[in-house]
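Source file: query-v8.tsv. Holds: TSV, C-alpha atoms and all ligand atoms.
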chain	number	residue	atom	x	y	z
A	1	MET	CA	47.23	-38.72	7.57
A	2	ALA	CA	46.90	-35.04	8.23
A	3	LEU	CA	49.00	-33.54	10.96
A	4	LYS	CA	47.72	-31.70	14.00
A	5	ILE	CA	49.12	-29.10	16.35
A	6	THR	CA	49.00	-29.90	20.06
A	7	ASP	CA	48.47	-27.46	22.93
A	8	GLU	CA	52.23	-27.35	23.44
A	9	CYS	CA	52.23	-24.83	20.59
A	10	ILE	CA	53.86	-21.54	21.64
A	11	ASN	CA	52.29	-19.51	18.83
A	12	CYS	CA	55.64	-18.65	17.30
A	13	ASP	CA	54.13	-18.42	13.81
A	14	VAL	CA	57.07	-19.93	11.93
A	15	CYS	CA	55.08	-22.88	10.56
A	16	GLU	CA	52.26	-20.97	8.90
A	17	PRO	CA	54.37	-19.37	6.13
A	18	VAL	CA	56.20	-22.61	5.24
A	19	CYS	CA	53.04	-24.61	4.53
A	20	PRO	CA	52.71	-25.02	0.76
A	21	ASN	CA	48.95	-25.66	1.03
A	22	GLN	CA	47.98	-22.77	3.32
A	23	ALA	CA	46.66	-25.40	5.72
A	24	ILE	CA	47.92	-23.69	8.89
A	25	TYR	CA	46.07	-20.82	10.50
A	26	GLN	CA	45.90	-19.00	13.80
A	27	GLY	CA	43.11	-20.57	15.82
A	28	GLU	CA	41.48	-19.19	18.92
A	29	GLU	CA	44.34	-20.16	21.21
A	30	ILE	CA	47.01	-21.87	19.17
A	31	PHE	CA	47.80	-22.48	15.56
A	32	GLU	CA	45.70	-25.13	13.85
A	33	ILE	CA	45.86	-27.30	10.73
A	34	ASP	CA	42.95	-27.75	8.33
A	35	PRO	CA	43.00	-31.54	7.66
A	36	ASP	CA	41.32	-31.01	4.29
A	37	LEU	CA	44.33	-29.00	3.14
A	38	CYS	CA	47.22	-30.86	4.79
A	39	THR	CA	48.85	-33.46	2.55
A	40	GLU	CA	51.79	-34.06	4.92
A	41	CYS	CA	53.54	-32.02	2.23
A	42	VAL	CA	53.12	-34.93	-0.20
A	43	GLY	CA	53.39	-33.54	-3.73
A	44	HIS	CA	55.60	-30.67	-2.57
A	45	TYR	CA	58.36	-31.92	-0.28
A	46	GLY	CA	59.79	-35.14	1.05
A	47	GLU	CA	59.23	-34.10	4.66
A	48	PRO	CA	56.46	-32.12	6.38
A	49	GLN	CA	57.82	-28.58	6.40
A	50	CYS	CA	55.95	-27.53	9.54
A	51	VAL	CA	57.39	-30.44	11.52
A	52	GLU	CA	60.89	-29.59	10.30
A	53	ILE	CA	60.64	-25.99	11.46
A	54	CYS	CA	58.58	-26.23	14.67
A	55	PRO	CA	60.91	-25.39	17.59
A	56	VAL	CA	58.89	-27.30	20.20
A	57	ASP	CA	58.10	-30.42	18.20
A	58	CYS	CA	54.34	-30.19	18.73
A	59	ILE	CA	53.01	-31.35	15.32
A	60	PRO	CA	52.32	-35.10	15.40
A	61	LYS	CA	50.28	-37.11	12.92
A	62	ASP	CA	46.56	-37.16	13.67
A	63	GLU	CA	45.90	-40.83	14.30
A	64	ASN	CA	42.17	-40.21	13.87
A	65	LYS	CA	42.66	-39.29	10.24
A	66	PRO	CA	44.62	-42.11	8.60
A	67	GLU	CA	45.46	-41.57	4.94
A	68	THR	CA	47.74	-43.49	2.63
A	69	GLU	CA	50.48	-41.90	0.55
A	70	ALA	CA	48.25	-42.42	-2.53
A	71	GLU	CA	45.31	-40.67	-0.84
A	72	LEU	CA	47.53	-37.77	0.14
A	73	MET	CA	48.72	-37.49	-3.47
A	74	LEU	CA	45.08	-37.45	-4.66
A	75	LYS	CA	44.31	-34.71	-2.15
A	76	TYR	CA	47.29	-32.75	-3.45
A	77	GLU	CA	46.08	-33.12	-7.04
A	78	ARG	CA	42.61	-31.92	-6.03
A	79	LEU	CA	44.12	-28.89	-4.31
A	80	ILE	CA	46.01	-28.07	-7.51
A	81	GLU	CA	42.76	-28.28	-9.51
A	82	LEU	CA	41.02	-26.03	-6.99
A	83	GLY	CA	43.84	-23.52	-7.18
A	84	GLN	CA	44.39	-23.92	-3.44
A	85	THR	CA	48.03	-24.75	-3.96
A	86	THR	CA	50.62	-24.42	-6.69
A	87	PRO	CA	53.34	-26.92	-7.50
A	88	THR	CA	56.60	-26.38	-5.65
A	89	GLN	CA	59.57	-25.98	-7.92
A	90	SER	CA	62.28	-28.37	-6.88
A	91	THR	CA	65.42	-26.57	-5.79
A	92	GLU	CA	67.52	-29.60	-6.66
A	93	SER	CA	69.31	-29.35	-9.98
A	101	LIG	S1	52.59	-31.18	6.75
A	101	LIG	FE1	52.90	-29.76	5.07
A	101	LIG	S2	50.85	-29.51	4.21
A	101	LIG	FE2	50.55	-30.34	6.27
A	101	LIG	S3	50.32	-28.54	7.58
A	101	LIG	FE3	52.48	-29.12	7.62
A	101	LIG	S4	53.43	-27.82	6.09
A	101	LIG	FE4	51.21	-27.82	5.68
A	102	LIG	S1	55.94	-23.80	14.66
A	102	LIG	FE1	55.11	-25.11	16.29
A	102	LIG	S2	55.07	-23.77	18.10
A	102	LIG	FE2	55.31	-22.43	16.33
A	102	LIG	S3	53.21	-21.82	15.80
A	102	LIG	FE3	53.69	-23.63	14.57
A	102	LIG	S4	52.95	-25.37	15.76
A	102	LIG	FE4	53.06	-23.63	17.13

As a first step, turn the structure in this file into structure tokens.
Ligand code: SF4
Ligand code: SF4
Amino acid sequence: MALKITDECINCDVCEPVCPNQAIYQGEEIFEIDPDLCTECVGHYGEPQCVEICPVDCIPKDENKPETEAELMLKYERLIELGQTTPTQSTES
């Protein structure tokens, strides 16, 4: 499922640049996640990068938008086709 940012967000802006899908943006009051663009980082990384970096732990899964791993992978592939995201090169050798 897509992730969402709660109102505990302190607008520190460290999550926006780490999102490989450009799904995070500054909303009216706090940062927000576009659920059509968030793949939980599936296709790019093993763990959601925004969750890893958020200092106040305010990015839970959005229980209203359940998606399976396979659906997230399909979303990722569609984003690639649309040019919305580019494959992440693995840093592991
Ligand atoms: S989980 Fe990944 S794709 Fe979704 S908003 Fe966070 S960094 Fe972006
Ligand atoms: S990292 Fe967390 S606190 Fe900082 S802007 Fe993103 S959601 Fe908000």

Please check which residues have atoms at most 12 Å from (46.4, -23.7, 6.8) in the file's coordinates, counting all atoms listed in the file, and write them as a PDB file with C-alpha atoms, in the frame of the given file.
ATOM      1  CA  ALA A   2      46.900 -35.040   8.230  1.00  0.00           C
ATOM      2  CA  LEU A   3      49.000 -33.540  10.960  1.00  0.00           C
ATOM      3  CA  LYS A   4      47.720 -31.700  14.000  1.00  0.00           C
ATOM      4  CA  ILE A   5      49.120 -29.100  16.350  1.00  0.00           C
ATOM      5  CA  ASP A  13      54.130 -18.420  13.810  1.00  0.00           C
ATOM      6  CA  CYS A  15      55.080 -22.880  10.560  1.00  0.00           C
ATOM      7  CA  GLU A  16      52.260 -20.970   8.900  1.00  0.00           C
ATOM      8  CA  PRO A  17      54.370 -19.370   6.130  1.00  0.00           C
ATOM      9  CA  VAL A  18      56.200 -22.610   5.240  1.00  0.00           C
ATOM     10  CA  CYS A  19      53.040 -24.610   4.530  1.00  0.00           C
ATOM     11  CA  PRO A  20      52.710 -25.020   0.760  1.00  0.00           C
ATOM     12  CA  ASN A  21      48.950 -25.660   1.030  1.00  0.00           C
ATOM     13  CA  GLN A  22      47.980 -22.770   3.320  1.00  0.00           C
ATOM     14  CA  ALA A  23      46.660 -25.400   5.720  1.00  0.00           C
ATOM     15  CA  ILE A  24      47.920 -23.690   8.890  1.00  0.00           C
ATOM     16  CA  TYR A  25      46.070 -20.820  10.500  1.00  0.00           C
ATOM     17  CA  GLN A  26      45.900 -19.000  13.800  1.00  0.00           C
ATOM     18  CA  GLY A  27      43.110 -20.570  15.820  1.00  0.00           C
ATOM     19  CA  PHE A  31      47.800 -22.480  15.560  1.00  0.00           C
ATOM     20  CA  GLU A  32      45.700 -25.130  13.850  1.00  0.00           C
ATOM     21  CA  ILE A  33      45.860 -27.300  10.730  1.00  0.00           C
ATOM     22  CA  ASP A  34      42.950 -27.750   8.330  1.00  0.00           C
ATOM     23  CA  PRO A  35      43.000 -31.540   7.660  1.00  0.00           C
ATOM     24  CA  ASP A  36      41.320 -31.010   4.290  1.00  0.00           C
ATOM     25  CA  LEU A  37      44.330 -29.000   3.140  1.00  0.00           C
ATOM     26  CA  CYS A  38      47.220 -30.860   4.790  1.00  0.00           C
ATOM     27  CA  THR A  39      48.850 -33.460   2.550  1.00  0.00           C
ATOM     28  CA  GLU A  40      51.790 -34.060   4.920  1.00  0.00           C
ATOM     29  CA  CYS A  41      53.540 -32.020   2.230  1.00  0.00           C
ATOM     30  CA  CYS A  50      55.950 -27.530   9.540  1.00  0.00           C
ATOM     31  CA  GLN A  84      44.390 -23.920  -3.440  1.00  0.00           C
ATOM     32  CA  THR A  85      48.030 -24.750  -3.960  1.00  0.00           C
TER      33      THR A  85
END

Discussion item. Between CA of Asn64 in chain A and atom FE3 of ligand LIG 102 (chain A), what distance in Å does the model show, to one decimal?
Written reply: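 According to the coordinates, CA of Asn64 in chain A and atom FE3 of ligand LIG 102 (chain A) are separated by 20.2 Å.
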
Discussion item. Given only C-alpha atoms and all ligand atoms as the basis, pick out the residue of A:Glu8, A:Glu71, A:Glu47, A:Asp57 nearest to ligand LIG 101 (chain A).
Written reply: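 Going through A:Glu8, A:Glu71, A:Glu47, A:Asp57 one by one, the smallest distance to ligand LIG 101 (chain A) is for A:Glu47.
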
Item to complete: Please indicate the distance in Å from atom FE1 of ligand LIG 101 (chain A) to CA of Gln49 in chain A, rounded to one decimal place.
Response: 5.2 Å

Worksheet entry | Residue nearest Cys12 in chain A - candidates A:Pro55, A:Gly43, A:Pro66, A:Pro48, atoms counted: only C-alpha atoms |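 Going through A:Pro55, A:Gly43, A:Pro66, A:Pro48 one by one, the smallest distance to Cys12 in chain A is for A:Pro55.
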
Practice prompt. Figure out the distance between CA of Lys65 in chain A and CA of Cys9 in chain A, please, to one decimal in Å.
Written response: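 A separation of 20.2 Å between them.
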
Padding 8 Å on every side, please: axis-aligned box over the listed atoms of ligand LIG 101 (chain A), centre and edge lengths to one decimal in Å, as lines of an AutoDock Vina configuration file.
center_x = 51.9
center_y = -29.5
center_z = 5.9
size_x = 19.1
size_y = 19.4
size_z = 19.4

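Remark: for ligand LIG 101 (chain A), the closest of the candidate residues A:Met73, A:Tyr45, A:Gly83, A:Glu67 is A:Tyr45 (distances computed over all atoms listed in the file).
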
Worksheet entry | Closest of A:Asp62, A:Glu29, A:Glu69, A:Glu77 to Gly46 in chain A - atom-to-atom distances counting only C-alpha atoms |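 Comparing A:Asp62, A:Glu29, A:Glu69, A:Glu77 against Gly46 in chain A, the winner is A:Glu69.
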
Item to complete: Find, counting only C-alpha atoms and all ligand atoms, the residue in A:Leu74, A:Ile30, A:Leu82, A:Ile59 that gets nearest to ligand LIG 101 (chain A).
Response: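 Smallest distance to ligand LIG 101 (chain A) is found for A:Ile59.
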